[in-house]
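Engineer: To be precise about what I am sending: the file is called my_file27.txt and holds compact mmCIF, C-alpha atoms (C1' of nucleotides).
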```
# COMPACT_ATOMS: atom_id res chain seq x y z
CA MET A 119 -17.77 -92.20 -27.30
CA GLY A 120 -16.57 -88.75 -27.26
CA VAL A 121 -18.90 -86.13 -28.44
CA THR A 122 -20.08 -86.63 -32.00
CA LYS A 123 -20.00 -83.30 -33.83
CA THR A 124 -23.55 -83.47 -35.04
CA GLN A 125 -23.55 -79.89 -36.27
CA ASN A 126 -20.88 -80.74 -38.83
CA TYR A 127 -23.25 -82.87 -40.84
CA THR A 128 -26.37 -82.50 -42.87
CA ASP A 129 -29.73 -83.43 -41.38
CA GLU A 130 -29.89 -86.31 -43.83
CA HIS A 131 -26.62 -87.76 -42.66
CA ASN A 132 -27.56 -87.39 -39.03
CA GLU A 133 -30.90 -89.04 -39.66
CA ILE A 134 -29.33 -92.01 -41.39
CA ALA A 135 -26.84 -92.35 -38.56
CA ILE A 136 -29.68 -92.51 -36.05
CA PHE A 137 -31.48 -95.14 -38.10
CA GLY A 138 -28.20 -96.97 -38.62
CA LYS A 139 -27.79 -97.27 -34.88
CA ALA A 140 -30.90 -99.40 -34.76
CA PHE A 141 -29.04 -102.00 -36.79
CA SER A 142 -25.61 -101.59 -35.29
CA HIS A 143 -25.99 -104.05 -32.43
CA PRO A 144 -26.83 -107.73 -32.85
CA ALA A 145 -29.32 -107.65 -29.99
CA ARG A 146 -31.28 -104.91 -31.69
CA VAL A 147 -31.08 -106.69 -35.01
CA ALA A 148 -32.39 -109.81 -33.30
CA ILE A 149 -35.23 -107.87 -31.73
CA ILE A 150 -36.16 -106.26 -35.02
CA THR A 151 -36.09 -109.48 -37.02
CA HIS A 152 -38.09 -111.20 -34.32
CA LEU A 153 -40.74 -108.51 -34.45
CA LEU A 154 -40.76 -108.81 -38.22
CA LYS A 155 -41.50 -112.50 -38.06
CA ALA A 156 -43.90 -112.38 -35.15
CA LYS A 157 -46.17 -109.70 -36.47
CA ALA A 158 -48.26 -110.56 -33.46
CA CYS A 159 -45.94 -108.31 -31.41
CA ILE A 160 -44.57 -110.21 -28.46
CA ASN A 161 -42.37 -109.09 -25.64
CA SER A 162 -40.62 -110.54 -22.63
CA HIS A 163 -40.26 -113.59 -24.81
CA LEU A 164 -37.40 -111.52 -26.08
CA VAL A 165 -35.59 -111.91 -22.80
CA GLU A 166 -35.34 -115.68 -23.10
CA GLU A 167 -34.97 -115.40 -26.86
CA LEU A 168 -31.88 -113.23 -26.57
CA GLY A 169 -30.21 -114.69 -23.51
CA LEU A 170 -29.71 -111.27 -22.03
CA ALA A 171 -30.83 -109.87 -18.70
CA GLN A 172 -34.25 -108.29 -18.57
CA ALA A 173 -32.75 -104.89 -17.87
CA THR A 174 -30.51 -105.12 -20.91
CA VAL A 175 -33.34 -106.07 -23.25
CA SER A 176 -35.45 -103.29 -21.82
CA GLN A 177 -32.66 -100.87 -22.58
CA HIS A 178 -32.38 -101.96 -26.21
CA LEU A 179 -36.14 -101.71 -26.57
CA LYS A 180 -36.02 -98.22 -25.16
CA GLU A 181 -33.40 -97.23 -27.68
CA LEU A 182 -35.35 -98.68 -30.59
CA LYS A 183 -38.45 -96.95 -29.31
CA GLY A 184 -36.50 -93.71 -29.08
CA ILE A 185 -35.47 -94.05 -32.69
CA GLY A 186 -39.11 -94.70 -33.46
CA ILE A 187 -38.63 -97.92 -35.32
CA ILE A 188 -40.73 -99.85 -32.82
CA GLN A 189 -43.66 -98.98 -30.63
CA GLY A 190 -45.10 -100.59 -27.53
CA THR A 191 -48.48 -100.77 -25.92
CA VAL A 192 -49.30 -101.91 -22.43
CA GLU A 193 -51.39 -105.02 -22.19
CA GLY A 194 -52.12 -105.69 -18.57
CA THR A 195 -48.84 -106.45 -16.87
CA SER A 196 -46.91 -106.93 -20.04
CA VAL A 197 -46.02 -104.73 -22.96
CA SER A 198 -46.50 -105.60 -26.57
CA TYR A 199 -44.04 -104.31 -29.09
CA CYS A 200 -44.22 -104.11 -32.84
CA ILE A 201 -42.62 -102.40 -35.78
CA ASN A 202 -43.84 -98.89 -36.45
CA PRO A 203 -45.00 -99.06 -40.05
CA GLU A 204 -44.50 -95.40 -40.92
CA VAL A 205 -41.02 -95.17 -39.50
CA TRP A 206 -40.11 -98.52 -41.00
CA SER A 207 -40.97 -97.41 -44.49
CA LEU A 208 -39.10 -94.17 -43.93
CA VAL A 209 -36.01 -96.06 -42.82
CA LYS A 210 -36.37 -98.39 -45.74
CA SER A 211 -36.66 -95.63 -48.29
CA ARG A 212 -33.72 -93.73 -46.81
CA PHE A 213 -31.46 -96.74 -47.03
CA VAL A 214 -32.67 -97.91 -50.41
CA GLU A 215 -32.04 -94.40 -51.64
CA ILE A 216 -28.42 -94.72 -50.59
CA PHE A 217 -28.01 -98.24 -51.85
CA ASN A 218 -29.21 -97.24 -55.29
CA GLN A 219 -26.80 -94.35 -55.52
CA PHE A 220 -24.05 -96.75 -56.29
CA GLU A 221 -23.28 -97.37 -59.91
CA ASP A 222 -21.04 -100.31 -60.48
CA PRO A 223 -17.85 -99.00 -61.98
CA ALA A 224 -17.38 -100.55 -65.38
CA ASN A 225 -14.93 -97.73 -65.15
CA ASP A 226 -12.81 -99.10 -62.34
CA CYS A 227 -11.73 -96.39 -60.03
CA CYS A 228 -9.27 -97.72 -57.50
CA MET B 249 -19.15 -100.57 -24.11
CA GLY B 250 -19.30 -103.51 -22.07
CA VAL B 251 -18.70 -106.65 -23.94
CA THR B 252 -21.27 -107.37 -26.61
CA LYS B 253 -22.24 -111.02 -26.27
CA THR B 254 -21.62 -111.92 -29.86
CA GLN B 255 -21.99 -115.64 -29.25
CA ASN B 256 -25.61 -115.11 -28.25
CA TYR B 257 -26.60 -114.21 -31.77
CA THR B 258 -26.75 -115.81 -35.17
CA ASP B 259 -24.05 -115.13 -37.73
CA GLU B 260 -26.63 -113.25 -39.76
CA HIS B 261 -27.48 -110.90 -36.94
CA ASN B 262 -23.84 -110.28 -36.15
CA GLU B 263 -23.10 -109.59 -39.79
CA ILE B 264 -25.89 -107.07 -40.09
CA ALA B 265 -24.74 -105.38 -36.91
CA ILE B 266 -21.25 -104.98 -38.38
CA PHE B 267 -22.65 -103.53 -41.57
CA GLY B 268 -25.01 -101.37 -39.56
CA LYS B 269 -22.06 -99.83 -37.77
CA ALA B 270 -20.88 -98.41 -41.07
CA PHE B 271 -24.02 -96.28 -41.14
CA SER B 272 -24.30 -95.52 -37.45
CA HIS B 273 -22.16 -92.41 -37.39
CA PRO B 274 -22.81 -89.28 -39.46
CA ALA B 275 -19.15 -88.93 -40.39
CA ARG B 276 -19.14 -92.40 -41.89
CA VAL B 277 -22.42 -91.75 -43.65
CA ALA B 278 -20.93 -88.56 -45.05
CA ILE B 279 -17.85 -90.43 -46.24
CA ILE B 280 -19.93 -93.14 -47.86
CA THR B 281 -22.29 -90.78 -49.64
CA HIS B 282 -19.36 -88.70 -50.80
CA LEU B 283 -17.68 -91.76 -52.28
CA LEU B 284 -20.96 -92.69 -53.90
CA LYS B 285 -21.19 -89.37 -55.67
CA ALA B 286 -17.52 -89.04 -56.52
CA LYS B 287 -17.04 -92.40 -58.09
CA ALA B 288 -13.62 -91.03 -58.93
CA CYS B 289 -12.52 -92.03 -55.43
CA ILE B 290 -11.04 -89.09 -53.65
CA ASN B 291 -9.44 -88.79 -50.30
CA SER B 292 -7.99 -86.14 -48.04
CA HIS B 293 -10.62 -83.92 -49.56
CA LEU B 294 -12.67 -85.66 -46.96
CA VAL B 295 -10.80 -83.89 -44.21
CA GLU B 296 -11.91 -80.44 -45.31
CA GLU B 297 -15.26 -81.83 -46.42
CA LEU B 298 -16.06 -83.14 -42.95
CA GLY B 299 -14.54 -80.49 -40.75
CA LEU B 300 -12.85 -83.07 -38.61
CA ALA B 301 -9.20 -83.53 -37.76
CA GLN B 302 -7.16 -85.60 -40.17
CA ALA B 303 -6.62 -88.26 -37.54
CA THR B 304 -10.32 -88.60 -36.93
CA VAL B 305 -11.13 -89.02 -40.60
CA SER B 306 -8.36 -91.56 -40.95
CA GLN B 307 -9.90 -93.49 -38.10
CA HIS B 308 -13.34 -93.60 -39.70
CA LEU B 309 -11.79 -94.66 -42.99
CA LYS B 310 -9.95 -97.43 -41.20
CA GLU B 311 -13.17 -98.64 -39.67
CA LEU B 312 -15.03 -98.60 -42.97
CA LYS B 313 -12.12 -100.43 -44.57
CA GLY B 314 -12.21 -102.96 -41.78
CA ILE B 315 -15.88 -103.59 -42.45
CA GLY B 316 -14.94 -103.96 -46.09
CA ILE B 317 -17.40 -101.45 -47.44
CA ILE B 318 -14.63 -99.28 -48.86
CA GLN B 319 -11.19 -100.00 -50.22
CA GLY B 320 -8.15 -97.82 -50.72
CA THR B 321 -5.22 -97.83 -53.05
CA VAL B 322 -2.05 -95.85 -52.70
CA GLU B 323 -1.41 -93.27 -55.38
CA GLY B 324 1.91 -91.70 -54.73
CA THR B 325 1.72 -89.85 -51.48
CA SER B 326 -2.02 -89.97 -51.26
CA VAL B 327 -4.57 -92.74 -50.98
CA SER B 328 -7.60 -93.11 -53.13
CA TYR B 329 -10.70 -94.63 -51.60
CA CYS B 330 -13.80 -96.03 -53.20
CA ILE B 331 -16.77 -98.22 -52.47
CA ASN B 332 -16.07 -101.93 -52.68
CA PRO B 333 -18.67 -103.13 -55.18
CA GLU B 334 -18.94 -106.72 -53.95
CA VAL B 335 -19.33 -105.81 -50.31
CA TRP B 336 -21.68 -103.00 -51.21
CA SER B 337 -24.06 -105.31 -53.02
CA LEU B 338 -23.84 -107.77 -50.16
CA VAL B 339 -24.74 -105.07 -47.66
CA LYS B 340 -27.52 -103.90 -49.89
CA SER B 341 -29.04 -107.33 -50.31
CA ARG B 342 -28.82 -108.06 -46.57
CA PHE B 343 -30.64 -104.89 -45.68
CA VAL B 344 -33.18 -105.12 -48.47
CA GLU B 345 -33.85 -108.66 -47.31
CA ILE B 346 -34.76 -107.32 -43.89
CA PHE B 347 -36.72 -104.37 -45.17
CA ASN B 348 -38.89 -106.62 -47.28
CA GLN B 349 -39.69 -108.91 -44.38
CA PHE B 350 -42.13 -106.39 -43.11
CA GLU B 351 -45.73 -106.82 -44.08
CA ASP B 352 -47.85 -103.85 -43.32
CA PRO B 353 -50.42 -104.91 -40.74
CA ALA B 354 -53.86 -104.44 -42.20
CA ASN B 355 -54.30 -106.47 -39.09
CA ASP B 356 -53.16 -103.89 -36.59
CA CYS B 357 -51.14 -105.46 -33.88
CA CYS B 358 -50.43 -102.99 -31.13
C1' DT C 238 -54.97 -106.74 1.37
C1' DT C 239 -51.20 -109.65 -0.04
C1' DA C 240 -48.55 -112.11 -3.40
C1' DA C 241 -46.93 -112.58 -7.66
C1' DT C 242 -45.61 -111.01 -12.20
C1' DC C 243 -43.72 -107.96 -15.61
C1' DA C 244 -41.32 -104.11 -17.33
C1' DA C 245 -38.96 -99.68 -16.58
C1' DT C 246 -35.49 -97.34 -14.09
C1' DC C 247 -31.36 -96.66 -11.15
C1' DG C 248 -26.72 -97.34 -10.02
C1' DT C 249 -22.49 -99.23 -11.23
C1' DA C 250 -18.62 -101.52 -13.70
C1' DA C 251 -16.33 -102.59 -17.82
C1' DT C 252 -15.41 -101.53 -22.37
C1' DA C 253 -15.85 -99.09 -26.81
C1' DT C 254 -15.97 -94.89 -29.40
C1' DA C 255 -15.03 -90.07 -30.95
C1' DG C 256 -11.95 -86.70 -31.22
C1' DC C 257 -7.54 -84.46 -31.37
C1' DA C 258 -2.44 -83.23 -31.04
C1' DA C 259 1.73 -85.08 -31.88
C1' DT C 260 4.53 -88.23 -34.06
C1' DA C 261 5.88 -91.63 -37.36
C1' DA C 262 6.16 -93.45 -41.97
C1' DA C 263 6.51 -93.12 -46.83
C1' DG C 264 6.48 -90.93 -50.88
C1' DT C 265 7.74 -86.55 -53.89
C1' DA C 266 10.28 -82.74 -55.20
C1' DT C 267 14.03 -79.52 -55.04
C1' DA D 286 20.35 -85.16 -48.64
C1' DT D 287 16.66 -81.86 -47.26
C1' DA D 288 12.32 -80.17 -47.19
C1' DC D 289 7.58 -80.99 -48.11
C1' DT D 290 3.25 -83.45 -48.51
C1' DT D 291 0.07 -86.95 -47.23
C1' DT D 292 -1.70 -90.62 -44.50
C1' DA D 293 -1.34 -93.88 -40.57
C1' DT D 294 -0.44 -94.55 -35.87
C1' DT D 295 0.10 -93.47 -31.03
C1' DG D 296 -1.27 -91.58 -26.73
C1' DC D 297 -4.51 -89.32 -24.36
C1' DT D 298 -9.13 -87.41 -22.61
C1' DA D 299 -13.98 -87.29 -22.55
C1' DT D 300 -18.13 -89.44 -23.41
C1' DA D 301 -21.25 -93.23 -24.91
C1' DT D 302 -22.57 -97.94 -24.79
C1' DT D 303 -23.35 -102.61 -23.07
C1' DA D 304 -24.56 -105.33 -19.45
C1' DC D 305 -26.27 -106.58 -15.03
C1' DG D 306 -28.25 -106.69 -10.19
C1' DA D 307 -31.36 -104.42 -7.48
C1' DT D 308 -35.18 -101.53 -6.96
C1' DT D 309 -39.46 -99.38 -8.18
C1' DG D 310 -44.10 -99.02 -10.22
C1' DA D 311 -47.97 -100.97 -12.07
C1' DT D 312 -51.19 -104.77 -12.91
C1' DT D 313 -53.26 -109.20 -12.03
C1' DA D 314 -54.47 -113.15 -9.07
C1' DA D 315 -55.42 -115.18 -4.71
```
I need this file expressed as structure tokens, please.
Structural biologist:
Amino acid sequence: MGVTKTQNYTDEHNEIAIFGKAFSHPARVAIITHLLKAKACINSHLVEELGLAQATVSQHLKELKGIGIIQGTVEGTSVSYCINPEVWSLVKSRFVEIFNQFEDPANDCC
Amino acid sequence: MGVTKTQNYTDEHNEIAIFGKAFSHPARVAIITHLLKAKACINSHLVEELGLAQATVSQHLKELKGIGIIQGTVEGTSVSYCINPEVWSLVKSRFVEIFNQFEDPANDCC
DNA sequence: TTAATCAATCGTAATATAGCAATAAAGTAT
DNA sequence: ATACTTTATTGCTATATTACGATTGATTAA
């Protein structure tokens, strides 16, 4: 997408943007919500679940893993993914922090 | 980016992905947090604030406006932007909904 | 060993995004 | 009317993303 000027922004803003990316594609949202429901940490089910090619799902998983929001462990031939609790709560607190910064304008602004 | 297969996903997942895009770029995060602080709804200040070209900022504003998370009103020559309260609370509740779906695994899964 | 299975990676095509300069559009002021 | 200010739009380039088929690597089953 053309080179994002990361150095222009604060670390906080860059961090949120990275976390935001996890939620910026429906496939990743679907993966995340699936892992939330199935705490048992499935995988490969995701391929049929999503209706995407195996390579595509693998790519999304890689991205989510890169962000840190999920983690995977090998179990024989297959790999089991689940939400990373620490990162999840970090993401949550970062976003909640932002969400709560908004004060409804009894004083209308626009 | 290659055509996202929107029809593969639920409306909920697609909606979250759209909202997520608002937070998936540091410039947009910077714009949002700035508007949160300055409830007074500035604009054009953003150009110097961000260190991006005017056209680039305008593009991010357009995108955020398209998502609905911000709104702008013309004030003479300039335009005043602010957070859209209704959409903001919708976004907030959607994300909080997801964040709270996670139950920390006393039962470790991976 | 040989098949079979599963997931990661590679290579490629199509499309979207980020960024900017230049221009247009619309108001304000002189 | 003319100049000035401010924002939106256009046109363009470079880079990132999405998606997939094919291949590779690793593990299990026969």
Engineer: May I have the protein, DNA and RNA residues with any atom at most 10 Å from the point (0.3, -95.1, -36.9), counting all atoms listed in the file, written as a ChimeraX atom specification?
Structural biologist: /B:303 /C:260-262 /D:292-295
Engineer: Can you sort out the box for stretch 149-159 of chain A, edges along x, y and z, all listed atoms in, 5 Å on every side, with centre and edge lengths in Å to one decimal, as JSON?
Structural biologist:
```
{"center_x": -41.7, "center_y": -109.4, "center_z": -34.8, "size_x": 23.0, "size_y": 16.2, "size_z": 16.8}
```
Engineer: Quick one: residues within 12 Å of D:DC297, only C-alpha atoms (C1' of nucleotides) counted, chain neighbours fewer than 3 positions away excluded, as a list in words?
Structural biologist: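 The contact residues come out as DG256, DC257, DA258 and DA259 of chain C.
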Engineer: Using all atoms listed in the file, select each residue of chain D with any atom at most 7 Å away from an atom of chain B, and give the selection as a PyMOL selection string.
Structural biologist: chain D and resi 291-292+302-304
Engineer: Starting from the point (-45.0, -113.0, -8.8), work out which residues of protein, DNA or RNA have an atom no more than 10 Å away when counting all atoms listed in the file; state them as a list in words.
Structural biologist: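 The residues near that point, listed by chain and number, are DA240, DA241, DT242 and DC243 of chain C; DT313 and DA314 of chain D.
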Engineer: Would you give me, as a PDB file with C-alpha atoms, in the frame of the given file, the residues of chain B that come within 9 Å of chain A, using only C-alpha atoms?
Structural biologist:
```
ATOM      1  CA  THR B 252     -21.270-107.370 -26.610  1.00  0.00           C
ATOM      2  CA  LYS B 253     -22.240-111.020 -26.270  1.00  0.00           C
ATOM      3  CA  THR B 254     -21.620-111.920 -29.860  1.00  0.00           C
ATOM      4  CA  ASN B 256     -25.610-115.110 -28.250  1.00  0.00           C
ATOM      5  CA  TYR B 257     -26.600-114.210 -31.770  1.00  0.00           C
ATOM      6  CA  THR B 258     -26.750-115.810 -35.170  1.00  0.00           C
ATOM      7  CA  GLU B 260     -26.630-113.250 -39.760  1.00  0.00           C
ATOM      8  CA  HIS B 261     -27.480-110.900 -36.940  1.00  0.00           C
ATOM      9  CA  ASN B 262     -23.840-110.280 -36.150  1.00  0.00           C
ATOM     10  CA  GLU B 263     -23.100-109.590 -39.790  1.00  0.00           C
ATOM     11  CA  ILE B 264     -25.890-107.070 -40.090  1.00  0.00           C
ATOM     12  CA  ALA B 265     -24.740-105.380 -36.910  1.00  0.00           C
ATOM     13  CA  ILE B 266     -21.250-104.980 -38.380  1.00  0.00           C
ATOM     14  CA  PHE B 267     -22.650-103.530 -41.570  1.00  0.00           C
ATOM     15  CA  GLY B 268     -25.010-101.370 -39.560  1.00  0.00           C
ATOM     16  CA  LYS B 269     -22.060 -99.830 -37.770  1.00  0.00           C
ATOM     17  CA  ALA B 270     -20.880 -98.410 -41.070  1.00  0.00           C
ATOM     18  CA  PHE B 271     -24.020 -96.280 -41.140  1.00  0.00           C
ATOM     19  CA  SER B 272     -24.300 -95.520 -37.450  1.00  0.00           C
ATOM     20  CA  HIS B 273     -22.160 -92.410 -37.390  1.00  0.00           C
ATOM     21  CA  PRO B 274     -22.810 -89.280 -39.460  1.00  0.00           C
ATOM     22  CA  ALA B 275     -19.150 -88.930 -40.390  1.00  0.00           C
ATOM     23  CA  ARG B 276     -19.140 -92.400 -41.890  1.00  0.00           C
ATOM     24  CA  VAL B 277     -22.420 -91.750 -43.650  1.00  0.00           C
ATOM     25  CA  ALA B 278     -20.930 -88.560 -45.050  1.00  0.00           C
ATOM     26  CA  THR B 281     -22.290 -90.780 -49.640  1.00  0.00           C
ATOM     27  CA  LEU B 284     -20.960 -92.690 -53.900  1.00  0.00           C
ATOM     28  CA  LYS B 285     -21.190 -89.370 -55.670  1.00  0.00           C
ATOM     29  CA  LYS B 287     -17.040 -92.400 -58.090  1.00  0.00           C
ATOM     30  CA  ALA B 288     -13.620 -91.030 -58.930  1.00  0.00           C
ATOM     31  CA  CYS B 289     -12.520 -92.030 -55.430  1.00  0.00           C
ATOM     32  CA  LEU B 298     -16.060 -83.140 -42.950  1.00  0.00           C
ATOM     33  CA  GLY B 299     -14.540 -80.490 -40.750  1.00  0.00           C
ATOM     34  CA  LEU B 300     -12.850 -83.070 -38.610  1.00  0.00           C
ATOM     35  CA  GLN B 319     -11.190-100.000 -50.220  1.00  0.00           C
ATOM     36  CA  GLY B 320      -8.150 -97.820 -50.720  1.00  0.00           C
ATOM     37  CA  THR B 321      -5.220 -97.830 -53.050  1.00  0.00           C
ATOM     38  CA  VAL B 322      -2.050 -95.850 -52.700  1.00  0.00           C
ATOM     39  CA  SER B 328      -7.600 -93.110 -53.130  1.00  0.00           C
ATOM     40  CA  TYR B 329     -10.700 -94.630 -51.600  1.00  0.00           C
ATOM     41  CA  CYS B 330     -13.800 -96.030 -53.200  1.00  0.00           C
ATOM     42  CA  ILE B 331     -16.770 -98.220 -52.470  1.00  0.00           C
ATOM     43  CA  PRO B 333     -18.670-103.130 -55.180  1.00  0.00           C
ATOM     44  CA  TRP B 336     -21.680-103.000 -51.210  1.00  0.00           C
ATOM     45  CA  SER B 337     -24.060-105.310 -53.020  1.00  0.00           C
ATOM     46  CA  VAL B 339     -24.740-105.070 -47.660  1.00  0.00           C
ATOM     47  CA  LYS B 340     -27.520-103.900 -49.890  1.00  0.00           C
ATOM     48  CA  PHE B 343     -30.640-104.890 -45.680  1.00  0.00           C
ATOM     49  CA  VAL B 344     -33.180-105.120 -48.470  1.00  0.00           C
ATOM     50  CA  ILE B 346     -34.760-107.320 -43.890  1.00  0.00           C
ATOM     51  CA  PHE B 347     -36.720-104.370 -45.170  1.00  0.00           C
ATOM     52  CA  ASN B 348     -38.890-106.620 -47.280  1.00  0.00           C
ATOM     53  CA  GLN B 349     -39.690-108.910 -44.380  1.00  0.00           C
ATOM     54  CA  PHE B 350     -42.130-106.390 -43.110  1.00  0.00           C
ATOM     55  CA  GLU B 351     -45.730-106.820 -44.080  1.00  0.00           C
ATOM     56  CA  ASP B 352     -47.850-103.850 -43.320  1.00  0.00           C
ATOM     57  CA  PRO B 353     -50.420-104.910 -40.740  1.00  0.00           C
ATOM     58  CA  ASP B 356     -53.160-103.890 -36.590  1.00  0.00           C
ATOM     59  CA  CYS B 357     -51.140-105.460 -33.880  1.00  0.00           C
ATOM     60  CA  CYS B 358     -50.430-102.990 -31.130  1.00  0.00           C
TER      61      CYS B 358
END
```
Engineer: Give me the least-squares superposed chain B (reference chain A; all C-alpha atoms paired in order) as a compact mmCIF listing (two decimals) with C-alpha atoms, in the coordinates of the input.
Structural biologist:
```txt
# COMPACT_ATOMS: atom_id res chain seq x y z
CA MET B 249 -17.59 -91.73 -27.07
CA GLY B 250 -16.34 -88.38 -27.30
CA VAL B 251 -18.84 -85.94 -28.53
CA THR B 252 -20.04 -86.61 -32.04
CA LYS B 253 -19.99 -83.29 -33.89
CA THR B 254 -23.54 -83.47 -35.10
CA GLN B 255 -23.56 -79.89 -36.34
CA ASN B 256 -20.88 -80.77 -38.87
CA TYR B 257 -23.25 -82.91 -40.86
CA THR B 258 -26.41 -82.52 -42.88
CA ASP B 259 -29.76 -83.44 -41.38
CA GLU B 260 -29.91 -86.33 -43.83
CA HIS B 261 -26.63 -87.78 -42.67
CA ASN B 262 -27.57 -87.41 -39.03
CA GLU B 263 -30.91 -89.06 -39.65
CA ILE B 264 -29.35 -92.03 -41.38
CA ALA B 265 -26.84 -92.38 -38.57
CA ILE B 266 -29.69 -92.54 -36.04
CA PHE B 267 -31.48 -95.16 -38.08
CA GLY B 268 -28.21 -96.99 -38.61
CA LYS B 269 -27.79 -97.29 -34.87
CA ALA B 270 -30.90 -99.42 -34.74
CA PHE B 271 -29.06 -102.03 -36.79
CA SER B 272 -25.61 -101.62 -35.30
CA HIS B 273 -25.98 -104.08 -32.46
CA PRO B 274 -26.84 -107.77 -32.87
CA ALA B 275 -29.31 -107.68 -29.99
CA ARG B 276 -31.27 -104.93 -31.69
CA VAL B 277 -31.10 -106.72 -35.01
CA ALA B 278 -32.39 -109.84 -33.29
CA ILE B 279 -35.24 -107.89 -31.72
CA ILE B 280 -36.16 -106.28 -35.02
CA THR B 281 -36.11 -109.49 -37.02
CA HIS B 282 -38.10 -111.23 -34.32
CA LEU B 283 -40.76 -108.53 -34.44
CA LEU B 284 -40.77 -108.81 -38.21
CA LYS B 285 -41.54 -112.49 -38.08
CA ALA B 286 -43.95 -112.36 -35.17
CA LYS B 287 -46.17 -109.64 -36.45
CA ALA B 288 -48.26 -110.53 -33.42
CA CYS B 289 -45.97 -108.28 -31.38
CA ILE B 290 -44.58 -110.16 -28.46
CA ASN B 291 -42.41 -109.08 -25.63
CA SER B 292 -40.65 -110.55 -22.64
CA HIS B 293 -40.27 -113.60 -24.81
CA LEU B 294 -37.40 -111.55 -26.06
CA VAL B 295 -35.59 -111.97 -22.79
CA GLU B 296 -35.34 -115.73 -23.10
CA GLU B 297 -34.97 -115.44 -26.86
CA LEU B 298 -31.86 -113.28 -26.55
CA GLY B 299 -30.19 -114.75 -23.52
CA LEU B 300 -29.65 -111.36 -22.02
CA ALA B 301 -30.75 -109.96 -18.69
CA GLN B 302 -34.19 -108.40 -18.57
CA ALA B 303 -32.70 -105.00 -17.88
CA THR B 304 -30.48 -105.20 -20.91
CA VAL B 305 -33.33 -106.13 -23.23
CA SER B 306 -35.44 -103.34 -21.79
CA GLN B 307 -32.63 -100.95 -22.57
CA HIS B 308 -32.39 -102.01 -26.20
CA LEU B 309 -36.15 -101.77 -26.54
CA LYS B 310 -36.03 -98.27 -25.11
CA GLU B 311 -33.42 -97.29 -27.63
CA LEU B 312 -35.36 -98.72 -30.55
CA LYS B 313 -38.47 -96.97 -29.28
CA GLY B 314 -36.52 -93.75 -29.03
CA ILE B 315 -35.47 -94.09 -32.64
CA GLY B 316 -39.11 -94.71 -33.43
CA ILE B 317 -38.61 -97.94 -35.30
CA ILE B 318 -40.73 -99.87 -32.81
CA GLN B 319 -43.67 -98.97 -30.64
CA GLY B 320 -45.13 -100.57 -27.54
CA THR B 321 -48.52 -100.74 -25.98
CA VAL B 322 -49.35 -101.86 -22.49
CA GLU B 323 -51.46 -104.98 -22.21
CA GLY B 324 -52.18 -105.59 -18.61
CA THR B 325 -48.94 -106.32 -16.87
CA SER B 326 -46.99 -106.86 -20.03
CA VAL B 327 -46.08 -104.69 -22.97
CA SER B 328 -46.55 -105.60 -26.56
CA TYR B 329 -44.05 -104.30 -29.08
CA CYS B 330 -44.22 -104.10 -32.83
CA ILE B 331 -42.60 -102.41 -35.78
CA ASN B 332 -43.83 -98.89 -36.43
CA PRO B 333 -44.97 -99.07 -40.05
CA GLU B 334 -44.48 -95.40 -40.92
CA VAL B 335 -41.00 -95.17 -39.49
CA TRP B 336 -40.11 -98.51 -40.99
CA SER B 337 -40.98 -97.40 -44.49
CA LEU B 338 -39.10 -94.17 -43.92
CA VAL B 339 -36.01 -96.06 -42.83
CA LYS B 340 -36.37 -98.38 -45.75
CA SER B 341 -36.67 -95.62 -48.30
CA ARG B 342 -33.71 -93.72 -46.83
CA PHE B 343 -31.46 -96.73 -47.03
CA VAL B 344 -32.69 -97.89 -50.41
CA GLU B 345 -32.06 -94.36 -51.63
CA ILE B 346 -28.44 -94.70 -50.61
CA PHE B 347 -28.03 -98.23 -51.88
CA ASN B 348 -29.24 -97.22 -55.30
CA GLN B 349 -26.82 -94.33 -55.54
CA PHE B 350 -24.08 -96.74 -56.32
CA GLU B 351 -23.28 -97.34 -59.94
CA ASP B 352 -21.05 -100.26 -60.51
CA PRO B 353 -17.81 -98.96 -62.01
CA ALA B 354 -17.34 -100.52 -65.40
CA ASN B 355 -14.85 -97.73 -65.16
CA ASP B 356 -12.75 -99.12 -62.36
CA CYS B 357 -11.69 -96.42 -60.02
CA CYS B 358 -9.19 -97.71 -57.52
```
Engineer: Rounded to one decimal place, report the atom CA of B:Val335-atom CA of A:Ile187 distance in Å.
Structural biologist: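 Going from atom CA of B:Val335 over to atom CA of A:Ile187, I get 25.7 Å.
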Engineer: Distance atom C1' of C:DT246-atom CA of A:His178, one decimal place?
Structural biologist: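 One can read the atom C1' of C:DT246 to atom CA of A:His178 distance as 13.3 Å.
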Engineer: To one decimal place, how far is atom CA of B:Leu338 from atom CA of A:Leu164 in Å?
Structural biologist: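 Atom CA of B:Leu338 sits 27.9 Å away from atom CA of A:Leu164.
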Engineer: Near chain B, which residues of chain C fall within 9 Å when you count all atoms listed in the file, and what do they look like as an NGL selection string?
Structural biologist: :C and (250-257 or 263-265)
Engineer: How about saving the chosen residues, C-alpha atoms (C1' of nucleotides) kept, as a PDB file, in the coordinates of the input?
Structural biologist:
```pdb
ATOM      1  C1'  DA C 250     -18.620-101.520 -13.700  1.00  0.00           C
ATOM      2  C1'  DA C 251     -16.330-102.590 -17.820  1.00  0.00           C
ATOM      3  C1'  DT C 252     -15.410-101.530 -22.370  1.00  0.00           C
ATOM      4  C1'  DA C 253     -15.850 -99.090 -26.810  1.00  0.00           C
ATOM      5  C1'  DT C 254     -15.970 -94.890 -29.400  1.00  0.00           C
ATOM      6  C1'  DA C 255     -15.030 -90.070 -30.950  1.00  0.00           C
ATOM      7  C1'  DG C 256     -11.950 -86.700 -31.220  1.00  0.00           C
ATOM      8  C1'  DC C 257      -7.540 -84.460 -31.370  1.00  0.00           C
ATOM      9  C1'  DA C 263       6.510 -93.120 -46.830  1.00  0.00           C
ATOM     10  C1'  DG C 264       6.480 -90.930 -50.880  1.00  0.00           C
ATOM     11  C1'  DT C 265       7.740 -86.550 -53.890  1.00  0.00           C
TER      12       DT C 265
END
```
